[in-house]
$ cat protein.pdb   # PDB, C-alpha atoms
ATOM      1  CA  MET H1000      53.937 -25.856  10.749
ATOM      2  CA  GLU H1001      57.575 -26.079   9.610
ATOM      3  CA  ILE H1002      58.549 -27.834   6.385
ATOM      4  CA  GLN H1003      61.772 -28.559   4.522
ATOM      5  CA  TYR H1004      62.250 -29.261   0.817
ATOM      6  CA  ALA H1005      64.649 -31.962  -0.314
ATOM      7  CA  GLN H1006      66.055 -29.770  -3.052
ATOM      8  CA  THR H1007      65.286 -26.159  -3.996
ATOM      9  CA  ARG H1008      62.237 -24.650  -2.326
ATOM     10  CA  PRO H1009      59.667 -22.889  -4.531
ATOM     11  CA  VAL H1010      58.992 -19.183  -4.276
ATOM     12  CA  THR H1011      56.417 -18.020  -1.731
ATOM     13  CA  ALA H1012      53.829 -17.188  -4.393
ATOM     14  CA  GLU H1013      54.057 -20.704  -5.848
ATOM     15  CA  LEU H1014      53.624 -22.321  -2.432
ATOM     16  CA  SER H1015      50.666 -20.062  -1.697
ATOM     17  CA  GLN H1016      49.095 -21.056  -5.008
ATOM     18  CA  THR H1017      49.598 -24.749  -4.184
ATOM     19  CA  LEU H1018      47.631 -24.345  -0.952
ATOM     20  CA  ALA H1019      45.013 -21.969  -2.382
ATOM     21  CA  ASP H1020      42.393 -24.708  -2.808
ATOM     22  CA  LEU H1021      42.371 -25.369   0.953
ATOM     23  CA  ASN H1022      41.249 -21.788   1.726
ATOM     24  CA  LEU H1023      43.460 -21.541   4.804
ATOM     25  CA  LYS H1024      42.381 -18.518   6.853
ATOM     26  CA  GLY H1025      45.149 -16.132   7.880
ATOM     27  CA  LEU H1026      47.830 -18.083   5.997
ATOM     28  CA  LYS H1027      51.283 -16.582   6.506
ATOM     29  CA  ILE H1028      54.389 -18.028   4.878
ATOM     30  CA  GLN H1029      57.872 -17.254   6.212
ATOM     31  CA  ALA H1030      61.095 -18.564   4.705
ATOM     32  CA  ILE H1031      63.630 -20.142   7.072
ATOM     33  CA  GLY H1032      67.074 -21.389   6.165
ATOM     34  CA  ASP H1033      67.827 -22.293   2.567
ATOM     35  CA  LYS H1034      65.101 -24.879   1.948
ATOM     36  CA  GLY H1035      62.421 -24.376   4.579
ATOM     37  CA  TYR H1036      59.192 -22.515   5.266
ATOM     38  CA  VAL H1037      57.082 -21.826   8.334
ATOM     39  CA  LEU H1038      53.334 -21.905   7.654
ATOM     40  CA  ARG H1039      50.904 -20.213  10.040
ATOM     41  CA  PHE H1040      47.137 -20.501   9.663
ATOM     42  CA  GLN H1041      44.025 -20.413  11.844
ATOM     43  CA  GLN H1042      42.623 -23.903  11.266
ATOM     44  CA  THR H1043      43.861 -26.480  13.773
ATOM     45  CA  GLY H1044      42.088 -29.716  12.789
ATOM     46  CA  GLU H1045      44.050 -32.850  11.949
ATOM     47  CA  ASP H1046      42.106 -33.204   8.705
ATOM     48  CA  ILE H1047      43.440 -29.824   7.523
ATOM     49  CA  HIS H1048      46.915 -30.884   8.604
ATOM     50  CA  GLN H1049      46.758 -34.009   6.466
ATOM     51  CA  GLN H1050      45.297 -32.136   3.494
ATOM     52  CA  ILE H1051      48.223 -29.707   3.583
ATOM     53  CA  LEU H1052      50.709 -32.575   3.606
ATOM     54  CA  ALA H1053      48.869 -34.175   0.683
ATOM     55  CA  LYS H1054      49.051 -30.914  -1.269
ATOM     56  CA  LEU H1055      52.744 -30.501  -0.572
ATOM     57  CA  ASN H1056      53.529 -34.118  -1.490
ATOM     58  CA  PRO H1057      51.104 -35.059  -4.300
ATOM     59  CA  PRO H1058      50.962 -38.714  -5.419
ATOM     60  CA  ILE H1059      53.674 -39.697  -7.880
ATOM     61  CA  SER H1060      52.265 -39.875 -11.349
ATOM     62  CA  SER H1061      53.386 -42.643 -13.660
ATOM     63  CA  GLU H1062      52.756 -43.678 -17.230
ATOM     64  CA  ASN H1063      51.408 -47.082 -18.046
ATOM     65  CA  ALA H1064      54.028 -49.742 -18.584
ATOM     66  CA  GLY H1065      53.051 -50.023 -22.214
ATOM     67  CA  ASN H1066      53.650 -46.363 -22.949
ATOM     68  CA  ASN H1067      56.655 -45.364 -24.940
ATOM     69  CA  LEU H1068      59.205 -42.706 -24.122
ATOM     70  CA  LYS H1069      60.487 -41.376 -27.396
ATOM     71  CA  VAL H1070      63.626 -39.243 -27.492
ATOM     72  CA  GLU H1071      64.497 -37.561 -30.728
ATOM     73  CA  SER H1072      67.913 -36.050 -31.269
ATOM     74  CA  ALA H1073      68.904 -33.224 -33.543
ATOM     75  CA  ASN H1074      70.241 -35.812 -35.916
ATOM     76  CA  THR H1075      67.291 -36.908 -38.036
ATOM     77  CA  ASP H1076      68.902 -40.302 -38.563
ATOM     78  CA  ALA H1077      68.790 -41.058 -34.817
ATOM     79  CA  ASN H1078      65.463 -42.051 -33.327
ATOM     80  CA  ILE H1079      65.645 -43.725 -29.898
ATOM     81  CA  GLU H1080      62.572 -45.431 -28.466
ATOM     82  CA  VAL H1081      62.434 -46.746 -24.898
ATOM     83  CA  LYS H1082      59.515 -48.948 -23.808
ATOM     84  CA  GLY H1083      58.130 -49.818 -20.399
ATOM     85  CA  ILE H1084      59.750 -46.977 -18.382
ATOM     86  CA  ASN H1085      57.633 -45.212 -15.728
ATOM     87  CA  VAL H1086      57.964 -41.439 -15.905
ATOM     88  CA  SER H1087      57.851 -39.538 -12.605
ATOM     89  CA  THR H1088      59.018 -36.033 -11.717
ATOM     90  CA  SER H1089      56.839 -35.108  -8.759
ATOM     91  CA  GLY H1090      58.889 -37.112  -6.249
ATOM     92  CA  SER H1091      62.158 -35.313  -6.977
ATOM     93  CA  ASN H1092      61.597 -32.473  -4.475
ATOM     94  CA  GLN H1093      59.837 -34.113  -1.554
ATOM     95  CA  VAL H1094      58.627 -32.046   1.420
ATOM     96  CA  THR H1095      59.388 -33.129   4.971
ATOM     97  CA  GLU H1096      57.436 -31.798   7.931
ATOM     98  CA  THR H1097      59.873 -30.982  10.747
ATOM     99  CA  ARG H1098      57.463 -29.446  13.273
ATOM    100  CA  PHE H1099      53.735 -28.976  13.789
ATOM    101  CA  ASP H1100      52.283 -26.954  16.674
ATOM    102  CA  SER H1101      48.580 -26.425  17.263
ATOM    103  CA  ILE H1102      47.042 -23.898  19.669
ATOM    104  CA  GLY H1103      43.603 -25.006  20.738
ATOM    105  CA  PRO H1104      40.877 -23.220  22.742
ATOM    106  CA  ALA H1105      42.426 -24.126  26.114
ATOM    107  CA  ILE H1106      45.805 -22.642  25.236
ATOM    108  CA  GLY H1107      44.087 -19.630  23.673
ATOM    109  CA  ALA H1108      42.173 -18.961  26.886
ATOM    110  CA  GLU H1109      45.365 -19.288  28.903
ATOM    111  CA  LEU H1110      47.109 -16.799  26.608
ATOM    112  CA  LYS H1111      44.222 -14.335  27.022
ATOM    113  CA  THR H1112      44.356 -14.616  30.814
ATOM    114  CA  LYS H1113      48.114 -14.141  30.982
ATOM    115  CA  ALA H1114      47.937 -11.188  28.603
ATOM    116  CA  PHE H1115      45.278  -9.554  30.789
ATOM    117  CA  TYR H1116      47.353  -9.959  33.947
ATOM    118  CA  ALA H1117      50.481  -8.711  32.180
ATOM    119  CA  VAL H1118      48.716  -5.516  31.073
ATOM    120  CA  ILE H1119      47.236  -4.949  34.555
ATOM    121  CA  LEU H1120      50.646  -5.361  36.233
ATOM    122  CA  VAL H1121      52.230  -2.921  33.785
ATOM    123  CA  VAL H1122      49.473  -0.364  34.391
ATOM    124  CA  ILE H1123      49.852  -0.600  38.188
ATOM    125  CA  ALA H1124      53.619  -0.235  37.916
ATOM    126  CA  ILE H1125      53.225   2.839  35.704
ATOM    127  CA  VAL H1126      50.839   4.533  38.168
ATOM    128  CA  ILE H1127      53.231   3.910  41.060
ATOM    129  CA  TYR H1128      56.230   5.145  39.085
ATOM    130  CA  ILE H1129      54.555   8.381  37.970
ATOM    131  CA  ALA H1130      53.186   9.065  41.448
ATOM    132  CA  VAL H1131      56.691   8.701  42.909
ATOM    133  CA  ALA H1132      58.371  10.681  40.124
ATOM    134  CA  PHE H1133      55.949  13.612  40.543
ATOM    135  CA  ARG H1134      55.645  13.422  44.336
ATOM    136  CA  LYS H1135      57.115  16.927  44.733
ATOM    137  CA  VAL H1136      54.497  18.428  42.429
ATOM    138  CA  SER H1137      51.374  18.537  44.576
ATOM    139  CA  TYR H1138      50.009  21.907  43.474
ATOM    140  CA  PRO H1139      47.684  22.594  41.809
ATOM    141  CA  VAL H1140      47.205  18.901  40.922
ATOM    142  CA  SER H1141      48.158  16.028  43.216
ATOM    143  CA  SER H1142      51.001  13.795  42.017
ATOM    144  CA  TRP H1143      48.857  10.656  41.861
ATOM    145  CA  LYS H1144      46.509  12.397  39.420
ATOM    146  CA  TYR H1145      49.340  12.582  36.895
ATOM    147  CA  GLY H1146      49.473   8.792  37.046
ATOM    148  CA  VAL H1147      45.717   8.395  36.642
ATOM    149  CA  ALA H1148      45.661  10.798  33.678
ATOM    150  CA  ALA H1149      48.466   8.814  32.030
ATOM    151  CA  ILE H1150      46.608   5.521  32.572
ATOM    152  CA  ILE H1151      43.405   6.901  31.036
ATOM    153  CA  ALA H1152      45.421   7.970  27.983
ATOM    154  CA  LEU H1153      47.054   4.514  27.850
ATOM    155  CA  THR H1154      43.638   2.850  28.044
ATOM    156  CA  HIS H1155      42.603   4.922  25.044
ATOM    157  CA  ASP H1156      45.683   3.759  23.113
ATOM    158  CA  ILE H1157      45.117   0.087  23.916
ATOM    159  CA  PHE H1158      41.403   0.065  23.105
ATOM    160  CA  VAL H1159      41.896   1.934  19.825
ATOM    161  CA  THR H1160      44.650  -0.500  18.813
ATOM    162  CA  ILE H1161      42.566  -3.565  19.717
ATOM    163  CA  GLY H1162      39.513  -2.157  17.925
ATOM    164  CA  ILE H1163      41.359  -1.463  14.691
ATOM    165  CA  PHE H1164      43.105  -4.845  14.883
ATOM    166  CA  VAL H1165      39.754  -6.607  15.287
ATOM    167  CA  ILE H1166      38.599  -4.982  12.050
ATOM    168  CA  LEU H1167      41.845  -6.001  10.326
ATOM    169  CA  GLY H1168      41.380  -9.538  11.633
ATOM    170  CA  LYS H1169      37.862  -9.772  10.251
ATOM    171  CA  TYR H1170      38.716  -8.578   6.748
ATOM    172  CA  PHE H1171      42.442  -9.312   6.323
ATOM    173  CA  GLY H1172      43.056 -12.396   8.472
ATOM    174  CA  PHE H1173      45.159 -10.861  11.276
ATOM    175  CA  GLU H1174      44.986 -12.781  14.539
ATOM    176  CA  VAL H1175      45.561 -12.084  18.229
ATOM    177  CA  ASN H1176      48.622 -14.040  19.308
ATOM    178  CA  THR H1177      51.782 -13.705  21.389
ATOM    179  CA  PRO H1178      53.413 -11.073  19.099
ATOM    180  CA  PHE H1179      50.233  -8.998  19.366
ATOM    181  CA  VAL H1180      50.365  -9.114  23.180
ATOM    182  CA  ALA H1181      54.038  -8.126  23.051
ATOM    183  CA  ALA H1182      53.075  -5.207  20.796
ATOM    184  CA  LEU H1183      50.450  -4.023  23.311
ATOM    185  CA  LEU H1184      53.014  -4.026  26.124
ATOM    186  CA  THR H1185      55.452  -2.139  23.900
ATOM    187  CA  ILE H1186      52.760   0.443  23.131
ATOM    188  CA  LEU H1187      52.170   0.920  26.861
ATOM    189  CA  GLY H1188      55.855   1.596  27.441
ATOM    190  CA  TYR H1189      56.254   3.926  24.475
ATOM    191  CA  SER H1190      53.071   5.896  25.103
ATOM    192  CA  VAL H1191      53.754   6.484  28.791
ATOM    193  CA  ASN H1192      57.264   7.629  27.902
ATOM    194  CA  ASP H1193      55.818  10.266  25.573
ATOM    195  CA  THR H1194      53.294  11.305  28.220
ATOM    196  CA  ILE H1195      55.952  11.643  30.902
ATOM    197  CA  VAL H1196      57.975  13.947  28.629
ATOM    198  CA  VAL H1197      55.019  16.360  28.515
ATOM    199  CA  PHE H1198      54.283  16.002  32.228
ATOM    200  CA  ASP H1199      57.920  16.570  33.114
ATOM    201  CA  ARG H1200      57.930  19.822  31.155
ATOM    202  CA  VAL H1201      54.773  20.833  33.027
ATOM    203  CA  ARG H1202      56.547  20.114  36.299
ATOM    204  CA  GLU H1203      59.542  22.246  35.290
ATOM    205  CA  ASN H1204      57.410  25.149  34.099
ATOM    206  CA  LEU H1205      55.349  25.171  37.300
ATOM    207  CA  HIS H1206      58.541  26.130  39.121
ATOM    208  CA  LYS H1207      59.708  28.579  36.440
ATOM    209  CA  TYR H1208      56.562  30.521  35.590
ATOM    210  CA  GLU H1209      53.594  32.013  37.360
ATOM    211  CA  GLY H1210      50.107  31.988  35.928
ATOM    212  CA  GLU H1211      47.087  29.831  35.327
ATOM    213  CA  PHE H1212      47.663  26.090  35.321
ATOM    214  CA  GLU H1213      46.083  25.622  31.914
ATOM    215  CA  GLU H1214      48.383  28.280  30.409
ATOM    216  CA  ILE H1215      51.447  26.524  31.802
ATOM    217  CA  VAL H1216      50.218  23.179  30.439
ATOM    218  CA  GLU H1217      49.640  24.718  27.014
ATOM    219  CA  LYS H1218      53.111  26.253  27.032
ATOM    220  CA  SER H1219      54.616  22.885  28.002
ATOM    221  CA  ILE H1220      52.786  21.121  25.164
ATOM    222  CA  TRP H1221      54.081  23.573  22.582
ATOM    223  CA  GLU H1222      57.620  23.268  23.933
ATOM    224  CA  THR H1223      57.553  19.476  23.503
ATOM    225  CA  MET H1224      55.506  19.406  20.281
ATOM    226  CA  ALA H1225      58.481  19.379  17.887
ATOM    227  CA  ARG H1226      60.175  16.615  19.834
ATOM    228  CA  SER H1227      57.008  14.484  19.844
ATOM    229  CA  ILE H1228      56.402  14.932  16.100
ATOM    230  CA  ASN H1229      60.017  14.183  15.167
ATOM    231  CA  THR H1230      60.041  11.061  17.322
ATOM    232  CA  ILE H1231      56.738   9.683  16.031
ATOM    233  CA  VAL H1232      57.673  10.271  12.378
ATOM    234  CA  THR H1233      61.039   8.544  12.814
ATOM    235  CA  VAL H1234      59.543   5.524  14.571
ATOM    236  CA  GLU H1235      56.623   5.214  12.145
ATOM    237  CA  LEU H1236      58.984   5.285   9.150
ATOM    238  CA  ALA H1237      61.037   2.457  10.650
ATOM    239  CA  LEU H1238      57.914   0.414  11.422
ATOM    240  CA  THR H1239      56.537   1.014   7.931
ATOM    241  CA  ALA H1240      59.761  -0.358   6.440
ATOM    242  CA  LEU H1241      59.449  -3.437   8.668
ATOM    243  CA  ALA H1242      55.822  -3.935   7.637
ATOM    244  CA  ILE H1243      56.720  -3.762   3.936
ATOM    245  CA  PHE H1244      59.958  -5.750   3.882
ATOM    246  CA  GLY H1245      59.793  -7.803   7.073
ATOM    247  CA  GLY H1246      57.478 -10.549   5.833
ATOM    248  CA  GLY H1247      53.999 -11.640   6.785
ATOM    249  CA  VAL H1248      54.756 -13.251  10.163
ATOM    250  CA  ILE H1249      56.269 -10.129  11.759
ATOM    251  CA  ASN H1250      53.219  -8.054  10.806
ATOM    252  CA  ASP H1251      51.334  -9.404  13.839
ATOM    253  CA  PHE H1252      53.827  -7.373  15.887
ATOM    254  CA  VAL H1253      54.547  -4.423  13.586
ATOM    255  CA  ILE H1254      50.995  -3.463  12.542
ATOM    256  CA  PRO H1255      49.730  -3.015  16.141
ATOM    257  CA  LEU H1256      52.830  -0.929  16.861
ATOM    258  CA  LEU H1257      52.128   1.293  13.850
ATOM    259  CA  ILE H1258      48.617   1.929  15.145
ATOM    260  CA  GLY H1259      49.338   2.155  18.869
ATOM    261  CA  ILE H1260      52.416   4.383  18.703
ATOM    262  CA  PHE H1261      50.627   6.884  16.484
ATOM    263  CA  PHE H1262      47.664   7.123  18.858
ATOM    264  CA  GLY H1263      50.054   7.092  21.814
ATOM    265  CA  ALA H1264      51.675  10.310  20.602
ATOM    266  CA  TYR H1265      48.218  11.763  19.969
ATOM    267  CA  SER H1266      46.917  10.876  23.442
ATOM    268  CA  SER H1267      49.990  12.264  25.208
ATOM    269  CA  ILE H1268      49.324  15.696  23.748
ATOM    270  CA  PHE H1269      45.556  15.870  23.374
ATOM    271  CA  ILE H1270      44.211  13.589  26.117
ATOM    272  CA  ALA H1271      46.546  13.201  29.111
ATOM    273  CA  SER H1272      47.403  16.892  29.432
ATOM    274  CA  GLN H1273      43.806  17.976  28.903
ATOM    275  CA  LEU H1274      42.669  15.606  31.635
ATOM    276  CA  LEU H1275      45.020  17.315  34.083
ATOM    277  CA  VAL H1276      43.580  20.719  33.225
ATOM    278  CA  ALA H1277      39.980  19.453  33.437
ATOM    279  CA  TRP H1278      40.687  17.783  36.774
ATOM    280  CA  GLN H1279      42.281  20.956  38.160
ATOM    281  CA  LYS H1280      39.298  23.056  37.069
ATOM    282  CA  TYR H1281      36.889  20.574  38.618
ATOM    283  CA  ASP H1282      38.761  20.603  41.943
ATOM    284  CA  TRP H1283      38.907  24.386  41.924
ATOM    285  CA  ALA H1284      35.177  24.694  41.199
ATOM    286  CA  ARG H1285      34.334  22.159  43.922
ATOM    287  CA  LYS H1286      36.442  23.913  46.538
ATOM    288  CA  LYS H1287      34.947  27.266  45.545
ATOM    289  CA  SER H1288      31.416  25.957  45.973
ATOM    290  CA  GLU H1289      32.266  24.705  49.447
TER     291      GLU H1289
END
$ encode --input "protein.pdb" --output "C-alpha cells"
Amino acid sequence: MEIQYAQTRPVTAELSQTLADLNLKGLKIQAIGDKGYVLRFQQTGEDIHQQILAKLNPPISSENAGNNLKVESANTDANIEVKGINVSTSGSNQVTETRFDSIGPAIGAELKTKAFYAVILVVIAIVIYIAVAFRKVSYPVSSWKYGVAAIIALTHDIFVTIGIFVILGKYFGFEVNTPFVAALLTILGYSVNDTIVVFDRVRENLHKYEGEFEEIVEKSIWETMARSINTIVTVELALTALAIFGGGVINDFVIPLLIGIFFGAYSSIFIASQLLVAWQKYDWARKKSE
C-alpha cells in the first residue's frame, strides 16, 4: 500500500503509532520520496484496507456553531471574540492512497511453485558446471561426486536458512516473499562459489603432492581457511550495516543472506570437503571387500 501526504509526512514512529490499534501483522513502513510511505502487512482483506484509510484520514472534528473562539493578545486591553466559526485541523494534511496491491492465496501458491522450480534449475546447473570443471580430476573421487557433495552442502544451507526464517516469521513477523526467494538464490550462488574455491585447491594439490586423499583435503582446507574467514567477515559486516540502516522492507532480503552466507562458509569447509573424504573411504572399502 502506497500513500502520499498533502503536506509534511509524519515520522515513521508516529505513523506506526497511528496504526497500532489495528494490530497489523508484519507491518513494515518504508519512506519514499519526500511525502510518501509504502506500507507492507500480512492482512489482505478489504475491511482492513478501509480501516487503515480511516485511521490515516480521521473524520474532521468541528466545534458547535454556538461555540466561541476567543483570541487574547498580549495587550490586556484587546480581547477579540469570534462566534460561530468551526475549528478543524485534522484535514490540513490529508493522505492519498496512490497504490494498493494484495497477494492472495492463488498468487502465493504460484510464487511458491516458481521459487521451487528456480531453485531446482539452479541446483541442476551447478551440478553440471562442477562436473565439467572437475572432469580431469577422476582419481580418487569421480568428478561428478564433487558436484553432488556441493549440492548436499547447498541443501544444508537452504534448509537451515528456511528453518531459522520460519522461527523469525513466527515471533518477529518476517514473511516469505519475492525478496526472500531472491536471497535463497543468492545464497546458492555464494555458497557454491566458496565450495568451489576449496575443491579447486584440492584439485591443484592432487597434482602437486602425493599422499592420502584425506591429508590432501585437509591441507587444502587450511590453505583456503584464511581466505574464507576474511571473505565471510567482510560480507557479514556489510550485510549487518544494511540490516541496521537499510530499513524494514529490505530486511526480508538481508536477514536470510546474513544467515545463509554464514552457514554457506561453514558448509564449504566442514561439510562438502568431509563428504568427499567419506565417499572416497567408502568406495575404497567397497572395492577392497570385492
$ residues_around --input "protein.pdb" --residues "Thr1233 (chain H)" --least-positions-apart "6" --cutoff "12 Å" --atoms "all atoms listed in the file" --output "mmCIF file with C-alpha atoms, keeping the file's coordinate frame"
data_model
loop_
_atom_site.group_PDB
_atom_site.id
_atom_site.type_symbol
_atom_site.label_atom_id
_atom_site.label_comp_id
_atom_site.auth_asym_id
_atom_site.auth_seq_id
_atom_site.Cartn_x
_atom_site.Cartn_y
_atom_site.Cartn_z
ATOM 1 C CA ARG H 1226 60.175 16.615 19.834
ATOM 2 C CA SER H 1227 57.008 14.484 19.844
ATOM 3 C CA THR H 1239 56.537 1.014 7.931
ATOM 4 C CA ALA H 1240 59.761 -0.358 6.440
ATOM 5 C CA LEU H 1257 52.128 1.293 13.850
ATOM 6 C CA ILE H 1260 52.416 4.383 18.703
ATOM 7 C CA PHE H 1261 50.627 6.884 16.484
#
$ closest_residue --input "protein.pdb" --among "H:Asn1250, H:Gly1025, H:Asn1192, H:His1048" --to "Lys1169 (chain H)" --atoms "only C-alpha atoms"
H:Gly1025
$ closest_residue --input "protein.pdb" --among "H:Leu1120, H:Val1232, H:Met1224, H:Val1175" --to "Ile1254 (chain H)" --atoms "all atoms listed in the file"
H:Val1175
$ residues_around --input "protein.pdb" --residues "Tyr1170 (chain H)" --least-positions-apart "6" --cutoff "12 Å" --atoms "all atoms listed in the file" --output "list in words"
Lys1024, Gly1025, Ile1163 and Phe1164 of chain H
$ atom_distance --input "protein.pdb" --atom1 "CA of Ser1288 (chain H)" --atom2 "CA of Val1140 (chain H)"
18.0 Å
$ atom_distance --input "protein.pdb" --atom1 "CA of Thr1154 (chain H)" --atom2 "CA of Tyr1265 (chain H)"
12.9 Å
$ closest_residue --input "protein.pdb" --among "H:Leu1023, H:Ala1148, H:Ala1117, H:Val1037" --to "Ile1002 (chain H)" --atoms "only C-alpha atoms"
H:Val1037
$ atom_distance --input "protein.pdb" --atom1 "CA of Ala1225 (chain H)" --atom2 "CA of Ala1149 (chain H)"
20.3 Å
$ residues_near_point --input "protein.pdb" --point "(59.1, 21.9, 36.0)" --cutoff "12 Å" --atoms "only C-alpha atoms" --output "ChimeraX atom specification"
/H:1132-1133,1135-1136,1138,1195-1209,1215-1216,1218-1219
$ write_last_selection --input "protein.pdb" --atoms "C-alpha atoms" --output "mmCIF file, keeping the file's coordinate frame"
data_model
loop_
_atom_site.group_PDB
_atom_site.id
_atom_site.type_symbol
_atom_site.label_atom_id
_atom_site.label_comp_id
_atom_site.auth_asym_id
_atom_site.auth_seq_id
_atom_site.Cartn_x
_atom_site.Cartn_y
_atom_site.Cartn_z
ATOM 1 C CA ALA H 1132 58.371 10.681 40.124
ATOM 2 C CA PHE H 1133 55.949 13.612 40.543
ATOM 3 C CA LYS H 1135 57.115 16.927 44.733
ATOM 4 C CA VAL H 1136 54.497 18.428 42.429
ATOM 5 C CA TYR H 1138 50.009 21.907 43.474
ATOM 6 C CA ILE H 1195 55.952 11.643 30.902
ATOM 7 C CA VAL H 1196 57.975 13.947 28.629
ATOM 8 C CA VAL H 1197 55.019 16.360 28.515
ATOM 9 C CA PHE H 1198 54.283 16.002 32.228
ATOM 10 C CA ASP H 1199 57.920 16.570 33.114
ATOM 11 C CA ARG H 1200 57.930 19.822 31.155
ATOM 12 C CA VAL H 1201 54.773 20.833 33.027
ATOM 13 C CA ARG H 1202 56.547 20.114 36.299
ATOM 14 C CA GLU H 1203 59.542 22.246 35.290
ATOM 15 C CA ASN H 1204 57.410 25.149 34.099
ATOM 16 C CA LEU H 1205 55.349 25.171 37.300
ATOM 17 C CA HIS H 1206 58.541 26.130 39.121
ATOM 18 C CA LYS H 1207 59.708 28.579 36.440
ATOM 19 C CA TYR H 1208 56.562 30.521 35.590
ATOM 20 C CA GLU H 1209 53.594 32.013 37.360
ATOM 21 C CA ILE H 1215 51.447 26.524 31.802
ATOM 22 C CA VAL H 1216 50.218 23.179 30.439
ATOM 23 C CA LYS H 1218 53.111 26.253 27.032
ATOM 24 C CA SER H 1219 54.616 22.885 28.002
#
